[in-house]
Amino acid sequence: MFFKFLFDLKILLFLLFVLSFISLFVGVSELRLAQIFSSSFDVHGILSLTRLPRTLSIIITGMSLSICGLIMQQLTQNKFVSPTTAGTMDCAKLGILVSMIFFAHLAFIIQVTISSVFAIVGTLIFIQILQKIKLKDMIFVPLIGLMFGGIVSAITTFFAYQLNLIQNINSWLQGDFSNVIQGSYEQVYITLPLLLLAYLFANKITIAGMGEDVALNLGISYKFILNLGLIIVGVITSVIILSVGIIPFLGLIVPNIISIYKGDNLKKNLIYIALFGAVFLLICDIFSRLIIYPFEVPISLVVGIIGSFIFILILFKRKAHA
C-alpha cells in the first residue's frame with residue numbers, strides 16, 4: 001500500500017524537487033537558504049560551479065541508466081538483464097581503454113563513439129548468446145552476463161596492466177560525482193534526446209522484445225528496432241561511464257520495482273522509472289556525502305550495497321508471486 005502511494009506521479013515529482021533542493025545544500029562548504037538571495041559572489045560561485053552541476057548530473061544519470069535497464073529487459077524479455085549484468089558496461093570499459101591508448105588526443109565525442117561501438121557490439125554478442133542457449137531458469141541469464149562481462153573485464157585489466165594504465169582506468173571508472181563541476185559534466189546532456197527517442201519507440205521496442213516473428217507479423221522491422229535499442233543503451237552507457245564512472249544495479253532494480261507495482265506497460269512506466277531512478281540516486285548521493293562527513297564515499301559503493309540488498313528482496317518477492 002505504501003509503495004503504491006509512493007509511486008504516484010505527483011509524489012515522485014515532489015520527492016525529486018525536495019531531494020534536489022536538499023542536494024544543493026549538502027557539502028563541505030556551508031551554504032544556507034538565506035544566502036542564496038544575497039549578492040555574495042562566493043555563494044553564487046558554489047552553486048553554479050559545483051552544487052547545481054552535481055545535482056543535474058545525478059538526476060540525468062539516474063534517469064538514463066534506469067531507462068537503459070528497461071530497454072534491455074524488454075529486448076531480451078528478461079527482468080534480470082541490465083547494462084551491469086549483460087556485460088555492456090564491461091565492453092564500454094574496454095572501449096575506453098582503446099580510446100585511452102589510441103585516441104587520447106581526439107575530442108570527447110570521438111571517445112564516446114568508440115566506447116559506444118564496443119558497448120553495442122558487446123550487448124549484441126550477449127543477446128546472440130542468449131538466443132543460442134536454451135535456459136531452464138531465467139536466473140541463469142544474469143549469471144551468463146556476469147561471466148561474459150568478467151571475461152571482457154579480465155581482457156581490459158590485462159592490457160591496462162601491461163600498459164601501466166591500471167590506476168588511470170580504476171580512478172576514471174569509479175562511480176563518483178565529487179569531481180563533477182561546471183565544464184566537466186555537460187556531455188551527459190547527450191543522453192536526453194536518446195531518452196526522448198526511447199519514449200517515441202517504446203511500443204515498438206516492446207513488440208520487438210516478443211521476438212522477430214511477432215514483430216514482422218505486426219509490420220515492424222525487428223532488426224531496426226533491435227539496433228535502435230542497442231544504440232540507445234550503448235551511447236548512454238558510454239557517456240555515463242566516461243562522465244561519472246560505473247553506477248551498478250541502478251538499471252536492474254529500478255525497472256523491476258516499478259514493474260512490480262505498476263505493471264509491464266513500457267510507455268506508461270517510462271516516466272515513473274525515470275523519476276524513481278533520479279530519486280533513488282539522489283538519496284544514495286546525499287547518504288554518501290553524509291556518512292563520514294565532511295568526507296564522502298563513492299556513490300558506486302552506496303548504490304552497490306543498497307542495490308544488492310534490494311535485488312535479493314526482488315528475487316524473493318518475484319518467487320512469492322510466481
# chains A, B, ... in the order shown; residues from 1 in each chain; ligands from 1

$ closest_atom_pairs --of "range 170-197 of chain A" --to "range 276-291 of chain A" --cutoff "10 Å" --atoms "only C-alpha atoms" --output "JSON lines"
{"residue": "A:Asp176", "atom": "CA", "partner": "A:Asp285", "partner_atom": "CA", "distance": 9.0}
{"residue": "A:Phe177", "atom": "CA", "partner": "A:Asp285", "partner_atom": "CA", "distance": 8.1}
{"residue": "A:Ser178", "atom": "CA", "partner": "A:Arg289", "partner_atom": "CA", "distance": 9.2}

$ write_last_selection --atoms "N, CA and C atoms" --output "mmCIF file, in the first residue's frame"
data_model
loop_
_atom_site.group_PDB
_atom_site.id
_atom_site.type_symbol
_atom_site.label_atom_id
_atom_site.label_comp_id
_atom_site.auth_asym_id
_atom_site.auth_seq_id
_atom_site.Cartn_x
_atom_site.Cartn_y
_atom_site.Cartn_z
ATOM 1 N N ASP A 176 31.542 8.219 -9.144
ATOM 2 C CA ASP A 176 31.725 9.263 -8.135
ATOM 3 C C ASP A 176 31.330 10.615 -8.741
ATOM 4 N N PHE A 177 30.539 11.387 -8.025
ATOM 5 C CA PHE A 177 30.120 12.700 -8.516
ATOM 6 C C PHE A 177 30.912 13.843 -7.878
ATOM 7 N N SER A 178 31.911 13.504 -7.056
ATOM 8 C CA SER A 178 32.635 14.567 -6.353
ATOM 9 C C SER A 178 33.469 15.433 -7.296
#

$ residues_around --residues "Asn179 in chain A" --least-positions-apart "5" --cutoff "12 Å" --atoms "only C-alpha atoms" --output "number ranges by chain"
A: 49-51, 53-54, 57, 171-172, 174, 184-185, 243-245, 296, 298-299

$ write_last_selection --atoms "all heavy atoms" --output "compact mmCIF listing (two decimals), in the first residue's frame"
# COMPACT_ATOMS: atom_id res chain seq x y z
N LEU A 49 29.13 26.53 -9.85
CA LEU A 49 30.30 25.76 -10.26
C LEU A 49 30.23 24.29 -9.84
O LEU A 49 30.70 23.42 -10.58
CB LEU A 49 31.57 26.39 -9.68
CG LEU A 49 32.00 27.74 -10.26
CD1 LEU A 49 33.21 28.28 -9.52
CD2 LEU A 49 32.31 27.61 -11.74
N THR A 50 29.66 24.01 -8.67
CA THR A 50 29.70 22.63 -8.17
C THR A 50 28.33 22.03 -7.83
O THR A 50 27.98 20.96 -8.31
CB THR A 50 30.59 22.53 -6.91
OG1 THR A 50 30.05 23.37 -5.88
CG2 THR A 50 32.01 22.98 -7.22
N ARG A 51 27.56 22.73 -6.97
CA ARG A 51 26.33 22.11 -6.45
C ARG A 51 25.29 21.85 -7.54
O ARG A 51 24.74 20.75 -7.64
CB ARG A 51 25.73 23.00 -5.35
CG ARG A 51 26.65 23.24 -4.17
CD ARG A 51 26.86 21.98 -3.36
NE ARG A 51 27.85 22.18 -2.30
CZ ARG A 51 27.60 22.75 -1.13
NH1 ARG A 51 26.37 23.17 -0.84
NH2 ARG A 51 28.57 22.89 -0.23
N PRO A 53 25.69 21.77 -10.98
CA PRO A 53 26.14 20.73 -11.93
C PRO A 53 26.04 19.31 -11.36
O PRO A 53 25.64 18.39 -12.07
CB PRO A 53 27.60 21.11 -12.20
CG PRO A 53 27.65 22.57 -11.98
CD PRO A 53 26.71 22.83 -10.84
N ARG A 54 26.40 19.15 -10.08
CA ARG A 54 26.35 17.83 -9.47
C ARG A 54 24.91 17.31 -9.40
O ARG A 54 24.65 16.15 -9.77
CB ARG A 54 26.97 17.88 -8.07
CG ARG A 54 26.93 16.54 -7.35
CD ARG A 54 27.75 16.56 -6.10
NE ARG A 54 27.79 15.25 -5.47
CZ ARG A 54 28.79 14.78 -4.75
NH1 ARG A 54 29.86 15.53 -4.53
NH2 ARG A 54 28.76 13.58 -4.23
N SER A 57 23.63 16.43 -12.92
CA SER A 57 24.23 15.21 -13.47
C SER A 57 23.69 13.97 -12.76
O SER A 57 23.53 12.91 -13.39
CB SER A 57 25.76 15.26 -13.36
OG SER A 57 26.16 15.37 -12.01
N SER A 171 40.61 4.81 -11.47
CA SER A 171 40.21 6.13 -10.98
C SER A 171 39.14 6.75 -11.86
O SER A 171 38.24 7.44 -11.39
CB SER A 171 41.43 7.06 -10.90
OG SER A 171 42.00 7.23 -12.18
N TRP A 172 39.21 6.49 -13.17
CA TRP A 172 38.25 7.07 -14.10
C TRP A 172 36.89 6.40 -13.98
O TRP A 172 35.84 7.05 -14.07
CB TRP A 172 38.78 6.91 -15.53
CG TRP A 172 38.12 7.81 -16.53
CD1 TRP A 172 37.03 8.63 -16.30
CD2 TRP A 172 38.46 8.01 -17.89
NE1 TRP A 172 36.71 9.31 -17.43
CE2 TRP A 172 37.56 8.94 -18.43
CE3 TRP A 172 39.45 7.48 -18.70
CZ2 TRP A 172 37.62 9.36 -19.75
CZ3 TRP A 172 39.49 7.90 -20.02
CH2 TRP A 172 38.60 8.81 -20.54
N GLN A 174 35.60 4.74 -11.37
CA GLN A 174 35.00 4.73 -10.04
C GLN A 174 33.78 5.65 -10.02
O GLN A 174 33.91 6.86 -10.20
CB GLN A 174 36.00 5.20 -9.00
CG GLN A 174 35.51 5.20 -7.57
CD GLN A 174 35.32 3.80 -7.02
OE1 GLN A 174 36.23 3.00 -7.03
NE2 GLN A 174 34.13 3.51 -6.56
N SER A 184 32.62 20.12 -16.85
CA SER A 184 33.06 18.72 -16.93
C SER A 184 31.91 17.73 -17.00
O SER A 184 32.15 16.52 -17.05
CB SER A 184 33.92 18.38 -15.71
OG SER A 184 33.13 18.35 -14.54
N TYR A 185 30.68 18.22 -16.99
CA TYR A 185 29.54 17.28 -16.94
C TYR A 185 28.56 17.47 -18.09
O TYR A 185 27.64 16.65 -18.28
CB TYR A 185 28.78 17.49 -15.62
CG TYR A 185 27.81 18.66 -15.65
CD1 TYR A 185 26.44 18.46 -15.80
CD2 TYR A 185 28.26 19.97 -15.57
CE1 TYR A 185 25.55 19.52 -15.85
CE2 TYR A 185 27.39 21.04 -15.61
CZ TYR A 185 26.04 20.82 -15.75
OH TYR A 185 25.17 21.87 -15.79
N SER A 243 31.69 10.02 -18.06
CA SER A 243 31.44 11.26 -17.30
C SER A 243 31.59 11.06 -15.80
O SER A 243 32.25 11.85 -15.12
CB SER A 243 30.03 11.78 -17.61
OG SER A 243 29.87 12.00 -18.99
N VAL A 244 30.97 10.01 -15.24
CA VAL A 244 30.95 9.83 -13.78
C VAL A 244 31.40 8.45 -13.32
O VAL A 244 31.50 8.22 -12.12
CB VAL A 244 29.54 10.13 -13.21
CG1 VAL A 244 29.13 11.55 -13.50
CG2 VAL A 244 28.51 9.16 -13.76
N GLY A 245 31.65 7.53 -14.26
CA GLY A 245 32.08 6.19 -13.87
C GLY A 245 30.94 5.18 -13.88
O GLY A 245 29.86 5.45 -14.40
N GLU A 296 33.47 12.02 1.90
CA GLU A 296 32.39 11.26 1.29
C GLU A 296 32.92 9.97 0.69
O GLU A 296 34.10 9.87 0.36
CB GLU A 296 31.66 12.07 0.22
CG GLU A 296 32.47 12.42 -1.00
CD GLU A 296 31.63 13.14 -2.05
OE1 GLU A 296 31.01 12.46 -2.88
OE2 GLU A 296 31.60 14.37 -2.02
N PRO A 298 32.49 6.93 -2.36
CA PRO A 298 31.98 6.88 -3.74
C PRO A 298 30.53 6.42 -3.78
O PRO A 298 30.15 5.48 -3.07
CB PRO A 298 32.91 5.87 -4.43
CG PRO A 298 34.15 5.87 -3.60
CD PRO A 298 33.71 6.12 -2.19
N ILE A 299 29.74 7.06 -4.60
CA ILE A 299 28.33 6.70 -4.68
C ILE A 299 28.15 5.29 -5.23
O ILE A 299 27.15 4.62 -4.92
CB ILE A 299 27.57 7.73 -5.55
CG1 ILE A 299 26.05 7.49 -5.43
CG2 ILE A 299 28.01 7.67 -6.99
CD1 ILE A 299 25.22 8.55 -6.08

$ atom_distance --atom1 "CA of Ile220 in chain A" --atom2 "CA of Ala202 in chain A"
12.6 Å

$ closest_residue --among "A:Val121, A:Gln182, A:Leu301, A:Ile271" --to "Leu9 in chain A" --atoms "only C-alpha atoms"
A:Ile271

$ closest_atom_pairs --of "range 123-215 of chain A" --to "range 84-88 of chain A" --cutoff "8 Å" --atoms "only C-alpha atoms" --output "tab-separated table"
residue	atom	partner	partner_atom	distance
A:Thr123	CA	A:Thr88	CA	5.5
A:Phe126	CA	A:Ala86	CA	6.5
A:Pro142	CA	A:Thr85	CA	5.2
A:Leu143	CA	A:Thr85	CA	7.5
A:Ile144	CA	A:Ala86	CA	7.8
A:Gly145	CA	A:Ala86	CA	4.2
A:Leu146	CA	A:Thr85	CA	5.3
A:Phe148	CA	A:Gly87	CA	6.0
A:Gly149	CA	A:Gly87	CA	3.9
A:Gly150	CA	A:Gly87	CA	7.6
A:Val152	CA	A:Gly87	CA	7.6

$ write_last_selection --atoms "N, CA and C atoms" --output "JSON list (two decimals), in the first residue's frame"
[["chain", "number", "residue", "atom", "x", "y", "z"],
["A", 123, "THR", "N", 26.83, -5.92, -26.24],
["A", 123, "THR", "CA", 25.43, -6.24, -25.93],
["A", 123, "THR", "C", 24.83, -7.16, -26.97],
["A", 126, "PHE", "N", 25.99, -10.62, -26.35],
["A", 126, "PHE", "CA", 25.25, -11.20, -25.22],
["A", 126, "PHE", "C", 23.87, -11.68, -25.65],
["A", 142, "PRO", "N", 21.44, -13.48, -15.93],
["A", 142, "PRO", "CA", 22.44, -12.54, -15.41],
["A", 142, "PRO", "C", 23.77, -13.21, -15.09],
["A", 143, "LEU", "N", 23.72, -14.51, -14.72],
["A", 143, "LEU", "CA", 24.98, -15.21, -14.44],
["A", 143, "LEU", "C", 25.83, -15.32, -15.70],
["A", 144, "ILE", "N", 25.16, -15.62, -16.83],
["A", 144, "ILE", "CA", 25.89, -15.67, -18.10],
["A", 144, "ILE", "C", 26.43, -14.28, -18.45],
["A", 145, "GLY", "N", 25.60, -13.25, -18.22],
["A", 145, "GLY", "CA", 26.04, -11.88, -18.48],
["A", 145, "GLY", "C", 27.23, -11.48, -17.62],
["A", 146, "LEU", "N", 27.19, -11.89, -16.35],
["A", 146, "LEU", "CA", 28.30, -11.55, -15.44],
["A", 146, "LEU", "C", 29.57, -12.30, -15.85],
["A", 148, "PHE", "N", 30.26, -13.29, -18.96],
["A", 148, "PHE", "CA", 30.70, -12.63, -20.19],
["A", 148, "PHE", "C", 31.41, -11.30, -19.86],
["A", 149, "GLY", "N", 30.79, -10.51, -18.98],
["A", 149, "GLY", "CA", 31.40, -9.25, -18.56],
["A", 149, "GLY", "C", 32.72, -9.47, -17.85],
["A", 150, "GLY", "N", 32.81, -10.55, -17.06],
["A", 150, "GLY", "CA", 34.05, -10.86, -16.35],
["A", 150, "GLY", "C", 35.20, -11.16, -17.31],
["A", 152, "VAL", "N", 35.44, -10.05, -20.47],
["A", 152, "VAL", "CA", 35.82, -8.78, -21.11],
["A", 152, "VAL", "C", 36.62, -7.90, -20.15]]

$ residues_around --residues "range 248-265 of chain A" --least-positions-apart "5" --cutoff "9 Å" --atoms "only C-alpha atoms" --output "number ranges by chain"
A: 3-4, 7, 62, 64-70, 73, 79-85, 175, 203, 206, 270, 272-274, 276-277, 280-281, 300-301, 303-304, 306-308, 310-311, 314, 318

$ closest_residue --among "A:Gln111, A:Ser221, A:Asn269, A:Gln77" --to "Ala198 in chain A" --atoms "only C-alpha atoms"
A:Asn269

$ residues_around --residues "Ser115 in chain A" --least-positions-apart "4" --cutoff "7 Å" --atoms "only C-alpha atoms" --output "count of residues only"
6

$ closest_residue --among "A:Arg32, A:Lys93, A:Lys204, A:Lys223" --to "Asn168 in chain A" --atoms "only C-alpha atoms"
A:Lys93

$ select_by_dssp --residues "range 208-308 of chain A" --states "helix (DSSP H, G or I)" --output "PyMOL selection string"
chain A and resi 208+212-217+222-244+250-262+266-290+299-308

$ atom_distance --atom1 "CA of Ile127 in chain A" --atom2 "CA of Thr76 in chain A"
7.0 Å
